[in-house]
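**Q** Structure below; questions to follow.
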Amino acid sequence: MSTINRYAQQISAHVLSNKRVGQYHQILISVGEVVKHCRPGNFIAISVGGENSGMVLRRAFALSRVSDRGEFGGTLELIVAPHGSGSRWLCSQTEGAVLDVITPLGDAFGIPTEPVNTLLIGGGYGSAPLFGLAEVLKARGCRVDMILGASSSPKIYAPLEGKRSVNSLKIYTEDASSGIHGRVTDSLEEIIENDSIDVIYSCGPMAMLAAISSIAQSAGVVHQCAVEESMACGIGVCMTCVLPIRQEDGSIAMLRSCIDGPVMDGSVVEWDRVGKVNEVAE
Amino acid sequence: MSTINRYAQQISAHVLSNKRVGQYHQILISVGEVVKHCRPGNFIAISVGGENSGMVLRRAFALSRVSDRGEFGGTLELIVAPHGSGSRWLCSQTEGAVLDVITPLGDAFGIPTEPVNTLLIGGGYGSAPLFGLAEVLKARGCRVDMILGASSSPKIYAPLEGKRSVNSLKIYTEDASSGIHGRVTDSLEEIIENDSIDVIYSCGPMAMLAAISSIAQSAGVVHQCAVEESMACGIGVCMTCVLPIRQEDGSIAMLRSCIDGPVMDGSVVEWDRVGKVNEVAE
Amino acid sequence: MTLDFSTTLGPAWFPAPIFTASGCASSGKELAQFFPLKSIGAIVTKSIMVKARPGRPTPRMAETPSGMLNSIGLQGPGIDSFIANDIPWLVEQGARIIVSIAGETVDEYATLARRLRSVPGISALEVNISCPNVENRGMVFACDPVSSRAVIDGVRRTLGGDLPIIAKLSPDVTDIVSIAREVVDAGADGVALINTLLGMVINTETMRPHLGGKTGGLSGPAIRPVAVRAIYQVHQALPKIPILGMGGVRNGRDAFEMILAGASGVSVGTATFGNPKAAIEIQSELKALVSAKGFTSLKSAVGFAHREIDSESAKESM
Amino acid sequence: MTLDFSTTLGPAWFPAPIFTASGCASSGKELAQFFPLKSIGAIVTKSIMVKARPGRPTPRMAETPSGMLNSIGLQGPGIDSFIANDIPWLVEQGARIIVSIAGETVDEYATLARRLRSVPGISALEVNISCPNVENRGMVFACDPVSSRAVIDGVRRTLGGDLPIIAKLSPDVTDIVSIAREVVDAGADGVALINTLLGMVINTETMRPHLGGKTGGLSGPAIRPVAVRAIYQVHQALPKIPILGMGGVRNGRDAFEMILAGASGVSVGTATFGNPKAAIEIQSELKALVSAKGFTSLKSAVGFAHREIDSESAKESM
Ligand SMILES: Cc1cc2nc3c(=O)[nH]c(=O)nc-3n(C[C@H](O)[C@H](O)[C@H](O)COP(=O)(O)OP(=O)(O)OC[C@H]3O[C@@H](n4cnc5c(N)ncnc54)[C@H](O)[C@@H]3O)c2cc1C
Ligand SMILES: Cc1cc2nc3c(=O)[nH]c(=O)nc-3n(C[C@H](O)[C@H](O)[C@H](O)COP(=O)(O)OP(=O)(O)OC[C@H]3O[C@@H](n4cnc5c(N)ncnc54)[C@H](O)[C@@H]3O)c2cc1C
Ligand SMILES: Cc1cc2nc3c(=O)[nH]c(=O)nc-3n(C[C@H](O)[C@H](O)[C@H](O)COP(=O)(O)O)c2cc1C
Ligand SMILES: Cc1cc2nc3c(=O)[nH]c(=O)nc-3n(C[C@H](O)[C@H](O)[C@H](O)COP(=O)(O)O)c2cc1C
Ligand code: FES
Ligand code: FES
């Protein structure tokens, strides 16, 4: 058998709690044994709208926090922005509701084998998977700095517990409603240099990831980013979620961000070619 | 303005309670002022499936009991059989759920101006509107006998309170699980004669209404039946719910059972022509 | 900034761009309890034929995922009763009226045009050519460019130059643009897009086609992407020809989508079955959306999806 | 009473009648974690072309009411890589394989047939003719009887008599029966009905077509009534020609509906995106339904909706 989707299981997950945090919903679900295979960077695909829903596709969400201890056994925490009809439906589910989910899907953030200096950059709800990642990195002895950005304060997701697992946290808002006025990339060069960053991990809007990629590349640091393309299937069978990735031979391959991602090496993503006709074949 | 749908209002109705009774759900909803215009025979059209439902049409239900007293103001009781996806969704709604409803729709049972002997015949959930009707008839001084039938006992709907408003109640089941073994039409001729019935009111499956019509006609008694045709709109604009009705000049008109019904004079319905091509024009 | 929300379909002017869809509002009476008929663009009446018609056997409908099938078979009272009863009533309400006509022969359409041409109070004729042509092996007029053309030609000649003609096309064709060209060439002032798609549901209990008429027309949100595509294609090919868009519109966003694709007006059909106030609610939602996007007139939004991104600044000047 | 659940598409035999739909299961690998691929009728692979193709620009999909649009543009590795990597892997799994091929010229289809004819382990070819014909102003082969015929004819000649050919037709035509007749006449052993409907979604935020490729193919439950109608019409006209039905099937009831309409097998496409186990679950549900209705073989249920009510007793004898 193939190893794609290897640990993915389709299960019924109970909603244990649903709390509003700023403009997001923090949703805790119980998933049992499957947490054993869940890693920061993986995502979950959730059916929305109930039995007779006109929404035929699942919605993808990053795993924000994975826990296999506690009274409910294996649990996953999701940070959901009420964006359109599907995510709004999910945000309206209350304790006891049963969700049809598939997880873990996609690849995970690569974890350095040695203790290095890492910088985690999150945009909006993109910070969700970074706190879980921070814990793992910490456990490996890495230094973990974090910078988060959003248009406005309520769109910053930075839970108190999360802050404990990072060495430093900077917040940027475009409207100056909290933290520094500006964007996460504004002083990125300086931060990389001053803090001797070895690896950047990022998650957020594509434009942010592209900007970080170019800075990381000139600074010569590794950049692992979790991308977010529209996904119809989430399991690699439909080819909707592709991104142009430069191959070693210089050609461009349209790779599926659901199985070859969502975590990708920022330096090989051809950001300028996203959404263009890419005549170079795989 | 036209008088069609005159009192119909589209409102949000809260579910006050939802109890299982045999194979049905007894659902009580609060509708406010609109009850003032609700009469036995009228129906309600309910949106099903919630906001992103793939079910685009409303579902029709007879008003079983109308009340404008009590702590919740105007309330309506519905008796709902979990039949397909829409009615099952409705049966799954619990206290506090908000329904999008339109009521009162359709015509009502005609009430005799003098105290006469009436016989009310219900098949399955067809008994629902008959208990409310019985109360009205009683108040007019009519004698009210009732016979109910179904394939099996759990499909008989005959609430205790309801029984109080009738002079007699006979139950028929086809599997002999309760009452008399057989169908409501089995001894109908005798009952009409013995009890000197003047008017029959009926509600239930079309085949039952047809059978009652033919017996009523030979016995020479008036027969008002509440029919049940598939309805797309419930308000008279779509022409899906038509039944062949004999006109005074002998021609057949295809009348809309949502606005010219659901209560119809059984003697003018051309039961044999239901579902046939009716080349005689309106 | 106030919004000019009016629209035109050829020479006919309407204060607002939302209409009922033919066959989904009867002749208006039943909806009058839910909103004032004159508040929307116009009432498009159920297709009327020369003679009274009983329609097809029941069951006449089946719900399908995000849609429905209908096989009504154009039940109706015939043109005489319609002119005597329905038109005057609508005129009395102050509603604008688009009369939809249907026939089984080219002559029948012309006859209807003749009966209607001098009736006061009508804003336009919608010519429903999705009917079987009894003179051509029952092939639907709208599926054949020659028959489509013949119908519109006959109606145009009979009608004279006054009343605008909107030809209503079927999506069940290989090339809807070529049909649109034919009817415009024959004298249609605009086209209505789209009629229902031919569909079928089999009842798995009885194991037979569910509808009395076996096949039926598919409508509702399910078909909206097909409608938007048809509107976009026809507007692209014939940018000067007004389009009355329809097919699955259930809110202001959906109506706006059709306007952007190239529709000058939008008809609301199946949505009315789920919500009798759909037309008037969609109209207010659309108004808010068009304003929010900075358009000063509905007309300047028509077909906007076809313009290049960099010409966005041209928005106000149109 | 045991049920013979096997089916045939021309000379090809399958132990069960549920298949994946081309383009909705890639080449099987990704689904193998969810159910054993050999447990369903066959894997129909994503349409393969001669050369590797990058496909269309993103966004490539839009969800629509009870459906979705896709504009993948046949991204794929090209026939060489496919034969070298995908086929052997599927064979190893014990899966039956139907290879879907696509081309831009009549010759390209023939070339694919030549490459595939001696590859072991293939049960049938599905010929996806819903592709633009670069030699005929980009008109989709399946929309033109002459081009449809030419493709199948070329494939049949190149292939020789062994491998069954299933021609996959587009519903975007005026008369699908006439296209079916042409391809059968040219040597197709069966037809696959239906491919997606051409649709469009306009993003009302950007006010531009949402998909990178502007238009896309509509699939999912929304289109099921159109698919059932197409299957019913083609089975009525060509009762001996096996049909592989598809379009919006998401449960056993839907699959049964297609069988009753005349399909000998049913492909599951979009449903797999919502539920990776859809194919295998639908297969068990279908089996239960066919048994419950008293059929002793799947084949005796094929096209049952066409039979007269009073011939119901003929059920067992077929
Ligand atoms: C790998 C991955 C991880 C994600 N993690 C998170 C998360 O942790 N928290 C969170 O709030 N959101 C996350 N998203 C985005 C989330 O999937 C979308 O917000 C959601 O699908 C929107 O659905 P909707 O019905 O509310 O919106 P609609 O706009 O109505 O959705 C319509 C269709 O477009 C797709 N779509 C719309 N927006 C997006 C988007 N931004 N990304 C991908 N598909 C989209 C939907 O899936 C759906 O198929 C993630 C997306 C991906 C691909
Ligand atoms: C005037 C009237 C009064 C009714 N009163 C009651 C009542 O008091 N209690 C009760 O349980 N049911 C009643 N019904 C029947 C009820 O409307 C149907 O059971 C219900 O619509 C089924 O919907 P569904 O989604 O569960 O079934 P599905 O079979 O999935 O429905 C599919 C479509 O068919 C229509 N449909 C299916 N069955 C019927 C039916 N028997 N009658 C009309 N339309 C149908 C549905 O409305 C829907 O549009 C009444 C129907 C009418 C017309
Ligand atoms: C019940 C019903 C009856 C219809 N009758 C007619 C008709 O008489 N004439 C006509 O041109 N279109 C008729 N149509 C088609 C609609 O006018 C409209 O083109 C189609 O339903 C798509 O729009 P919708 O999805 O908003 O309903 C009818 C549609 C329905 C659902
Ligand atoms: C994402 C996607 C990709 C598809 N790719 C192909 C393809 O490569 N070849 C083909 O013949 N059909 C393709 N189809 C069409 C399906 O095989 C099927 O005919 C159609 O989607 C209807 O079935 P469904 O509603 O079950 O998806 C594709 C459909 C989808 C949704
Ligand atoms: S979402 Fe289907 S291949 Fe990635
Ligand atoms: S249900 Fe539409 S006319 Fe009666």
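Residue numbering restarts at 1 in every chain; chains get A, B, ... in the order shown in the structure tokens, and ligands count up from 1 in that same order.
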Would you pick out the contacts of Gly187 of chain D at 7 Å or less, using only C-alpha atoms, so that residues sharing its chain but fewer than 2 positions from it are not included, and give the list as a VMD selection string?
**A** chain D and resid 152 to 153 156 183 to 185 189
**Q** I'd like the superposed copy of chain D - fitted to chain C by least squares over all paired Cα atoms - as a compact mmCIF listing (two decimals) with C-alpha atoms, in the first residue's frame.
**A**
```txt
# COMPACT_ATOMS: atom_id res chain seq x y z
CA MET D 1 -24.07 58.88 -3.35
CA THR D 2 -27.43 57.69 -4.58
CA LEU D 3 -27.76 54.66 -6.74
CA ASP D 4 -29.72 54.66 -9.98
CA PHE D 5 -31.27 51.23 -9.59
CA SER D 6 -33.37 51.32 -12.75
CA THR D 7 -32.80 49.08 -15.71
CA THR D 8 -33.93 48.62 -19.27
CA LEU D 9 -34.62 45.60 -21.42
CA GLY D 10 -34.47 47.08 -24.87
CA PRO D 11 -36.97 49.97 -25.00
CA ALA D 12 -38.69 48.89 -21.76
CA TRP D 13 -37.74 50.75 -18.60
CA PHE D 14 -38.08 49.33 -15.09
CA PRO D 15 -37.48 51.12 -11.79
CA ALA D 16 -35.69 48.09 -10.35
CA PRO D 17 -33.92 45.04 -11.79
CA ILE D 18 -35.65 42.15 -9.96
CA PHE D 19 -38.46 40.27 -11.66
CA THR D 20 -40.46 37.16 -10.94
CA ALA D 21 -39.67 34.15 -13.14
CA SER D 22 -42.38 32.86 -15.40
CA GLY D 23 -44.33 30.01 -13.84
CA CYS D 24 -43.09 30.82 -10.35
CA ALA D 25 -45.49 33.64 -9.54
CA SER D 26 -48.63 32.57 -11.41
CA SER D 27 -50.24 35.91 -12.36
CA GLY D 28 -49.23 37.67 -9.19
CA LYS D 29 -52.38 37.47 -7.09
CA GLU D 30 -51.04 34.87 -4.70
CA LEU D 31 -47.90 36.89 -3.96
CA ALA D 32 -49.67 40.18 -3.39
CA GLN D 33 -50.21 39.28 0.25
CA PHE D 34 -46.47 39.09 0.80
CA PHE D 35 -45.23 42.29 -0.86
CA PRO D 36 -46.60 45.07 -3.07
CA LEU D 37 -46.19 43.79 -6.60
CA LYS D 38 -45.30 47.22 -7.92
CA SER D 39 -42.22 47.38 -5.72
CA ILE D 40 -40.19 45.03 -7.91
CA GLY D 41 -39.13 45.48 -11.52
CA ALA D 42 -42.00 43.54 -13.03
CA ILE D 43 -44.17 40.47 -12.71
CA VAL D 44 -43.36 37.95 -15.42
CA THR D 45 -46.54 35.90 -15.74
CA LYS D 46 -46.82 32.14 -16.19
CA SER D 47 -46.48 31.23 -19.87
CA ILE D 48 -49.89 31.53 -21.43
CA MET D 49 -51.11 29.56 -24.43
CA VAL D 50 -53.95 30.19 -26.84
CA LYS D 51 -56.29 27.64 -25.29
CA ALA D 52 -56.84 26.57 -21.71
CA ARG D 53 -54.63 23.62 -20.75
CA PRO D 54 -54.93 21.06 -17.98
CA GLY D 55 -51.20 20.37 -17.80
CA ARG D 56 -49.43 17.14 -17.02
CA PRO D 57 -50.43 14.38 -14.63
CA THR D 58 -49.30 14.52 -11.01
CA PRO D 59 -46.87 14.08 -9.32
CA ARG D 60 -45.57 17.22 -10.92
CA MET D 61 -42.57 17.87 -8.79
CA ALA D 62 -39.63 16.22 -7.10
CA GLU D 63 -37.18 17.90 -4.81
CA THR D 64 -33.54 17.30 -5.78
CA PRO D 65 -30.30 18.38 -4.07
CA SER D 66 -30.45 22.19 -3.98
CA GLY D 67 -33.08 22.13 -6.67
CA MET D 68 -36.32 20.65 -7.91
CA LEU D 69 -37.85 19.14 -11.00
CA ASN D 70 -41.22 20.29 -12.26
CA SER D 71 -43.45 18.97 -14.97
CA ILE D 72 -46.41 21.30 -14.85
CA GLY D 73 -47.00 21.15 -18.57
CA LEU D 74 -48.10 24.76 -18.89
CA GLN D 75 -51.44 24.41 -17.14
CA GLY D 76 -53.32 27.65 -17.62
CA PRO D 77 -56.59 29.35 -18.48
CA GLY D 78 -55.84 30.33 -22.09
CA ILE D 79 -55.21 33.79 -23.49
CA ASP D 80 -58.82 35.06 -23.42
CA SER D 81 -59.36 34.51 -19.75
CA PHE D 82 -55.85 35.80 -19.05
CA ILE D 83 -56.45 39.07 -20.87
CA ALA D 84 -59.88 39.47 -19.33
CA ASN D 85 -58.92 38.70 -15.73
CA ASP D 86 -55.23 38.70 -14.97
CA ILE D 87 -53.88 41.70 -16.84
CA PRO D 88 -56.46 44.21 -15.56
CA TRP D 89 -55.90 43.05 -12.00
CA LEU D 90 -52.14 43.51 -12.30
CA VAL D 91 -52.60 46.91 -13.90
CA GLU D 92 -54.80 47.89 -10.99
CA GLN D 93 -52.00 46.97 -8.58
CA GLY D 94 -49.67 49.34 -10.40
CA ALA D 95 -47.38 46.43 -11.28
CA ARG D 96 -45.35 46.37 -14.44
CA ILE D 97 -46.13 43.30 -16.52
CA ILE D 98 -44.08 41.06 -18.75
CA VAL D 99 -46.32 38.49 -20.39
CA SER D 100 -44.77 35.13 -21.15
CA ILE D 101 -46.26 33.31 -24.12
CA ALA D 102 -45.91 29.71 -25.27
CA GLY D 103 -47.14 27.73 -28.22
CA GLU D 104 -46.95 24.44 -30.03
CA THR D 105 -46.65 25.91 -33.51
CA VAL D 106 -45.08 29.02 -34.97
CA ASP D 107 -48.57 30.25 -35.75
CA GLU D 108 -49.75 29.89 -32.20
CA TYR D 109 -47.04 32.28 -31.00
CA ALA D 110 -48.09 34.77 -33.65
CA THR D 111 -51.71 34.42 -32.60
CA LEU D 112 -50.77 35.21 -29.01
CA ALA D 113 -48.80 38.24 -30.13
CA ARG D 114 -51.80 39.45 -32.13
CA ARG D 115 -54.08 39.09 -29.12
CA LEU D 116 -51.67 40.92 -26.85
CA ARG D 117 -50.39 43.75 -29.01
CA SER D 118 -53.15 46.19 -28.21
CA VAL D 119 -53.64 45.22 -24.56
CA PRO D 120 -52.65 48.20 -22.43
CA GLY D 121 -50.27 47.90 -19.48
CA ILE D 122 -47.81 45.35 -20.84
CA SER D 123 -44.11 46.26 -20.69
CA ALA D 124 -42.71 43.40 -22.75
CA LEU D 125 -43.36 39.91 -24.07
CA GLU D 126 -41.21 37.03 -22.92
CA VAL D 127 -41.35 34.34 -25.56
CA ASN D 128 -40.90 30.92 -23.97
CA ILE D 129 -39.58 28.79 -26.79
CA SER D 130 -38.78 25.78 -24.59
CA CYS D 131 -41.90 24.05 -25.85
CA PRO D 132 -42.21 21.02 -28.07
CA ASN D 133 -42.84 21.95 -31.68
CA VAL D 134 -45.69 19.70 -32.80
CA GLU D 135 -44.82 20.42 -36.42
CA ASN D 136 -41.28 19.15 -36.00
CA ARG D 137 -41.46 15.76 -34.26
CA GLY D 138 -41.97 17.45 -30.90
CA MET D 139 -38.46 18.90 -30.93
CA VAL D 140 -38.24 21.82 -28.54
CA PHE D 141 -38.17 25.12 -30.49
CA ALA D 142 -35.31 26.46 -28.38
CA CYS D 143 -33.14 23.46 -29.28
CA ASP D 144 -33.20 24.27 -32.95
CA PRO D 145 -31.88 27.55 -34.38
CA VAL D 146 -34.28 27.47 -37.34
CA SER D 147 -37.41 26.96 -35.25
CA SER D 148 -36.27 29.50 -32.66
CA ARG D 149 -35.82 32.02 -35.38
CA ALA D 150 -39.16 31.24 -36.95
CA VAL D 151 -41.04 31.82 -33.71
CA ILE D 152 -39.41 35.16 -32.97
CA ASP D 153 -39.75 36.25 -36.54
CA GLY D 154 -43.48 35.47 -36.49
CA VAL D 155 -43.99 37.28 -33.19
CA ARG D 156 -42.00 40.32 -34.34
CA ARG D 157 -43.96 40.64 -37.57
CA THR D 158 -47.31 40.31 -35.86
CA LEU D 159 -46.45 42.59 -33.03
CA GLY D 160 -45.11 45.47 -35.08
CA GLY D 161 -42.36 47.59 -33.61
CA ASP D 162 -43.69 48.60 -30.23
CA LEU D 163 -43.55 45.97 -27.55
CA PRO D 164 -40.08 44.61 -26.73
CA ILE D 165 -39.58 40.88 -27.25
CA ILE D 166 -37.45 38.85 -24.88
CA ALA D 167 -36.71 35.37 -26.19
CA LYS D 168 -36.31 32.84 -23.39
CA LEU D 169 -33.72 30.21 -24.22
CA SER D 170 -33.08 26.68 -23.05
CA PRO D 171 -29.68 25.67 -21.66
CA ASP D 172 -30.11 22.18 -23.14
CA VAL D 173 -28.21 23.03 -26.28
CA THR D 174 -24.71 22.55 -27.59
CA ASP D 175 -24.22 26.23 -28.34
CA ILE D 176 -26.49 28.75 -26.66
CA VAL D 177 -24.69 31.68 -28.25
CA SER D 178 -25.70 30.59 -31.73
CA ILE D 179 -29.35 30.35 -30.67
CA ALA D 180 -29.11 33.81 -29.11
CA ARG D 181 -27.71 35.19 -32.36
CA GLU D 182 -30.59 33.71 -34.34
CA VAL D 183 -33.34 35.14 -32.16
CA VAL D 184 -31.69 38.55 -31.98
CA ASP D 185 -31.33 38.49 -35.72
CA ALA D 186 -35.02 37.66 -36.03
CA GLY D 187 -35.95 40.70 -33.98
CA ALA D 188 -35.73 39.83 -30.31
CA ASP D 189 -34.82 42.88 -28.20
CA GLY D 190 -33.26 40.74 -25.51
CA VAL D 191 -32.86 37.19 -24.25
CA ALA D 192 -33.93 35.51 -21.03
CA LEU D 193 -31.39 32.96 -19.72
CA ILE D 194 -32.02 30.25 -18.62
CA ASN D 195 -35.04 28.02 -18.65
CA THR D 196 -34.85 24.74 -16.72
CA LEU D 197 -32.53 21.84 -17.60
CA LEU D 198 -34.15 18.58 -18.63
CA GLY D 199 -33.87 16.09 -15.78
CA MET D 200 -35.38 12.99 -14.26
CA VAL D 201 -35.78 11.42 -10.85
CA ILE D 202 -36.55 7.74 -10.44
CA ASN D 203 -38.49 6.75 -7.37
CA THR D 204 -36.49 3.86 -5.96
CA GLU D 205 -39.54 2.55 -4.09
CA THR D 206 -41.79 2.19 -7.13
CA MET D 207 -38.74 1.80 -9.39
CA ARG D 208 -40.36 4.05 -11.98
CA PRO D 209 -39.82 7.69 -13.03
CA HIS D 210 -41.20 9.77 -10.17
CA LEU D 211 -42.95 12.46 -12.21
CA GLY D 212 -46.22 11.86 -13.99
CA GLY D 213 -44.58 13.37 -17.06
CA LYS D 214 -41.45 11.21 -16.55
CA THR D 215 -38.96 14.03 -17.27
CA GLY D 216 -39.12 17.49 -15.75
CA GLY D 217 -37.30 20.80 -15.67
CA LEU D 218 -34.50 21.25 -13.16
CA SER D 219 -34.43 24.62 -11.39
CA GLY D 220 -33.04 26.13 -8.22
CA PRO D 221 -29.56 26.89 -6.85
CA ALA D 222 -28.23 23.62 -8.31
CA ILE D 223 -28.29 25.11 -11.81
CA ARG D 224 -26.95 28.56 -11.01
CA PRO D 225 -23.40 27.91 -12.30
CA VAL D 226 -24.88 26.83 -15.64
CA ALA D 227 -27.00 29.97 -15.78
CA VAL D 228 -24.09 32.26 -14.94
CA ARG D 229 -21.99 30.60 -17.61
CA ALA D 230 -24.76 31.03 -20.22
CA ILE D 231 -25.21 34.70 -19.33
CA TYR D 232 -21.46 35.28 -19.44
CA GLN D 233 -21.10 33.59 -22.83
CA VAL D 234 -24.01 35.42 -24.43
CA HIS D 235 -22.99 38.79 -23.01
CA GLN D 236 -19.45 38.20 -24.28
CA ALA D 237 -20.69 37.45 -27.78
CA LEU D 238 -23.50 40.03 -27.92
CA PRO D 239 -22.57 42.75 -25.43
CA LYS D 240 -25.30 45.12 -26.60
CA ILE D 241 -28.18 42.70 -26.14
CA PRO D 242 -29.96 42.98 -22.80
CA ILE D 243 -30.18 39.77 -20.82
CA LEU D 244 -32.78 38.83 -18.25
CA GLY D 245 -30.86 36.37 -16.06
CA MET D 246 -32.32 33.59 -13.96
CA GLY D 247 -31.60 30.16 -12.57
CA GLY D 248 -31.16 29.46 -8.89
CA VAL D 249 -31.00 33.00 -7.57
CA ARG D 250 -31.91 32.97 -3.87
CA ASN D 251 -30.20 36.04 -2.44
CA GLY D 252 -28.69 39.38 -3.35
CA ARG D 253 -25.25 37.90 -3.87
CA ASP D 254 -26.59 35.48 -6.48
CA ALA D 255 -28.43 38.27 -8.30
CA PHE D 256 -25.28 40.41 -8.23
CA GLU D 257 -23.32 37.51 -9.73
CA MET D 258 -25.70 37.49 -12.71
CA ILE D 259 -25.52 41.26 -13.11
CA LEU D 260 -21.72 41.07 -13.14
CA ALA D 261 -21.91 38.25 -15.71
CA GLY D 262 -23.96 40.46 -18.00
CA ALA D 263 -27.62 40.41 -16.97
CA SER D 264 -29.55 43.69 -17.01
CA GLY D 265 -32.27 42.18 -14.85
CA VAL D 266 -32.70 39.07 -12.75
CA SER D 267 -35.75 36.85 -12.36
CA VAL D 268 -36.44 34.94 -9.19
CA GLY D 269 -38.15 31.59 -9.60
CA THR D 270 -37.77 28.59 -7.33
CA ALA D 271 -36.57 30.77 -4.44
CA THR D 272 -40.11 32.11 -4.14
CA PHE D 273 -41.35 28.63 -3.26
CA GLY D 274 -39.05 28.55 -0.24
CA ASN D 275 -39.68 32.19 0.61
CA PRO D 276 -42.67 34.11 -0.78
CA LYS D 277 -40.86 37.38 -0.12
CA ALA D 278 -37.74 36.25 -1.96
CA ALA D 279 -38.04 38.72 -4.84
CA ILE D 280 -38.39 41.79 -2.68
CA GLU D 281 -35.73 40.68 -0.21
CA ILE D 282 -33.28 39.86 -2.99
CA GLN D 283 -33.97 43.27 -4.48
CA SER D 284 -32.95 45.09 -1.29
CA GLU D 285 -29.91 42.90 -0.80
CA LEU D 286 -28.81 43.52 -4.37
CA LYS D 287 -29.24 47.24 -3.96
CA ALA D 288 -27.03 47.24 -0.88
CA LEU D 289 -24.35 45.17 -2.59
CA VAL D 290 -24.22 47.27 -5.74
CA SER D 291 -23.95 50.43 -3.64
CA ALA D 292 -21.31 48.95 -1.38
CA LYS D 293 -19.14 48.23 -4.40
CA GLY D 294 -19.21 51.89 -5.31
CA PHE D 295 -21.36 51.74 -8.41
CA THR D 296 -23.55 54.76 -8.96
CA SER D 297 -25.91 52.92 -11.27
CA LEU D 298 -27.05 49.34 -11.67
CA LYS D 299 -26.30 49.63 -15.35
CA SER D 300 -22.63 50.29 -14.80
CA ALA D 301 -22.34 46.94 -12.99
CA VAL D 302 -23.88 44.98 -15.86
CA GLY D 303 -21.22 42.72 -17.35
CA PHE D 304 -18.52 44.10 -15.07
CA ALA D 305 -16.89 40.66 -14.73
CA HIS D 306 -15.86 40.92 -18.38
CA ARG D 307 -13.78 44.05 -17.90
CA GLU D 308 -10.07 43.94 -17.30
CA ILE D 309 -8.93 44.51 -13.74
CA ASP D 310 -7.04 47.70 -14.62
CA SER D 311 -10.13 49.30 -16.12
CA GLU D 312 -11.74 49.21 -12.69
CA SER D 313 -11.47 52.95 -12.46
CA ALA D 314 -13.77 53.16 -15.46
CA LYS D 315 -16.58 52.08 -13.11
CA GLU D 316 -18.04 55.48 -12.45
CA SER D 317 -17.83 56.75 -15.98
CA MET D 318 -20.06 54.09 -17.47
```
**Q** I'd like the interatomic distance between atom 21 (O, counted along the ligand's line) of ligand 3 and atom CA of Ser47 of chain B, to a tenth of an Å.
**A**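 These atoms are spaced 19.2 Å apart.
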**Q** Could you tell me, counting only C-alpha atoms and all ligand atoms, which protein and nucleic acid residues lie no more than 6 Å from ligand 6, written as a ChimeraX atom specification?
**A** /B:231-241,256-258
**Q** For the structure I just gave you, how does DSSP split segment 45-223 of chain D - specifically, which residues are strand (DSSP E or B)? Reply as a ChimeraX atom specification.
**A** /D:48,53,61-64,67-70,76,97-101,122-128,132-133,139-140,165-168,190-193,197-200,202-203,208-209,211,214-219
